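Here is the structure we will look at.
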Amino acid sequence: MRFMNRAREIAFIRGAIGLSKPKLFTLSISGLRRVGKTRLILETLKEKDLYFFVNKDKGSESLLREYEETMKNKGALTELESLKNWDEFFKILFERFKGVIAFDEFQNFSSVDRSVYGTLQKYIDLNEHKKGVLLIFSGSTVGLVKKLFSDTKEPLYGRVKRKLDLKPLSFVDVLKVCRELGIKDIEEVIRLYAVFGGFPKYYVSIEDEGLCGETTERIMEKFFFVENAALEDEVSQILSLEFGKRSGTYYDILTAIANGNRRISEIASFMRKKETALTRQVNELINYFELVGVEKPVINGKSSLYIRHPLIDFWFRFFYKNLSSYKRREAWLIEKIKRDINAFVGQRFETVCREFLIENPPFKFERIGRQLGKFKGEKGKNVYEIDILALNERTKEVLFGECKWGEKVDAGGVLDELKKKAGHVNWHNDERIERYVIFAKEFEEKIKQPNLLLFDLGNMKRRLSRNRKISRAT
């Protein structure tokens, strides 16, 4: 599948290449696994440039021999020369080479030989005025990559001049990718996006498995449900790279979140542990591994946790807690998963709708997200949840939205319920301008009311396609 939809990121890297012409420049690229860091780097490298993958399963001597061969192939070493140590590697690299030098999975030097960081620091400092050299450091364990350059105790502290945090593709970009794969029905694309998000690896896998133009049902069957399924061990492999042997508690926390426990108190209750026993691991999942995100309500309220990688969320929701039955492909479990996937897609549909509004804002809003809150009712405190809330503090405009993953949705009934929930939101009550939006696969009837927008899948696809054409034209 051809490379696409990373124009801004490529321009960012090319800008760094330009800045390296007068003197040495450094760039770090971080992002979750499978987000496409390696492909992005390789797309920007020229034939003469150097690419080194840091394989943590190799010993220091073995990795040095591999890099020695790479340098010989690029003419930085003669056939008769060899490298004795990392000091010699960096000394020759800086003396003889001009161009881009990329170290992929750079954080793995922590497992291979931590002294590399100190050695590299020395040669960066000695060659800070060397012209025409760009060093790129890429890594998947996001927190560790950031720590290497931002922790004052680390040798490479302050040695990176630019940082790129590579995000997954947007839903609009995935629509384009799926068109390339012969998948044009927006409902099918939403189903795929619910599970795979904007991680390019999985759309490449659709092509690799000969599934172009197939239905989501067929793709899911081949990826998860048949014997030796293509992605059967994908999440286990990702997490083993992240956690190593310290996986137990992390797995339990991810299981709790995937099953609807979004606050640390709820996670502790699910795991039958004290909150204080989980604080460190939860913080590491958020700040070090960056696998868990924190969602803050748009207006006040308590934050909730979510799993940032959709496939990991999907796997813990449906497979991990019944892994023995899944490995045996027991019919009851496979049938249950297939039956329950639609509800999972419905939850992820909210993300698609929020992205749609960011691409097609009905007014210029400053914040958008989900809103959860409490209100006093006849029987004490009650909880309300609004799928989408967007607002503009200056103009006092506020948008309340509901997302319904269903056919023949009663727009009038949904609007009535949405207005009731909006009444519990305490924000500029006497002067705000209220707007409403409802998303659905299909409406029973399109109603018209002031300040109300309705979008079914057909409307969404036409609007997104039109926006993309305008974007390409300009």
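Chain labels run A, B, ... following the order of the structure tokens; each chain numbers its residues from 1, and ligands are numbered from 1 in the order shown.
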Within 12 Å of region 44-67 of chain A, which residues of region 238-341 of chain A come that close, and what is the closest atom pair and distance in Å for each? Count only C-alpha atoms and give it as CSV.
residue,atom,partner,partner_atom,distance
A:Leu241,CA,A:Lys56,CA,9.7
A:Glu242,CA,A:Lys56,CA,11.9
A:Gly244,CA,A:Lys56,CA,11.6
Original post:
Which residues come within 7 Å of region 409-421 of chain A, counting only C-alpha atoms, excluding same-chain residues fewer than 3 positions away, as a list of chain:residue names?
Top reply: A:Tyr384, A:Gly406, A:His424, A:Ala440, A:Glu442, A:Phe443, A:Glu444, A:Ile447
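Computed from the coordinates, the CA of Leu399 (chain A) to CA of Tyr436 (chain A) distance equals 5.4 Å.
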Subject >> Asn283 (chain A) environment, 12 Å, only C-alpha atoms, sequence neighbours closer than 4 positions dropped, as a PyMOL selection string >> reply: chain A and resi 143+250+253+264+275-279+287-294+305
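CA of Asp456 (chain A) sits 20.6 Å away from CA of Gly197 (chain A).
Among the candidates A:Ser303, A:Glu330, A:Asn342, A:Leu126, the residue lying nearest to Thr216 (chain A) is A:Asn342 (atoms considered: only C-alpha atoms).
Every protein, DNA or RNA residue with an atom at most 10 Å from Tyr123 (chain A), where only C-alpha atoms count and chain neighbours fewer than 5 positions away do not, is listed here: Asp87, Phe90, Lys91, Leu93, Phe94, Gly118 and Glu128 of chain A.
From CA of Lys381 (chain A) back to CA of Leu254 (chain A), the distance works out to 29.0 Å.
Restricting the calculation to only C-alpha atoms, the smallest distance between Ile190 (chain A) and any of A:Val235, A:Val142, A:Leu42, A:Leu457 is found for A:Leu457.
Proximity ranking of A:Ile183, A:Ile299, A:Val160, A:Leu77 relative to Phe25 (chain A) places A:Val160 first, based on only C-alpha atoms.
The shell of residues at most 9 Å from Glu359 (chain A), with only C-alpha atoms counted and near chain neighbours (fewer than 4 positions) removed, consists of A:Val172, A:Arg354, A:Glu355, A:Leu464, A:Asn467.
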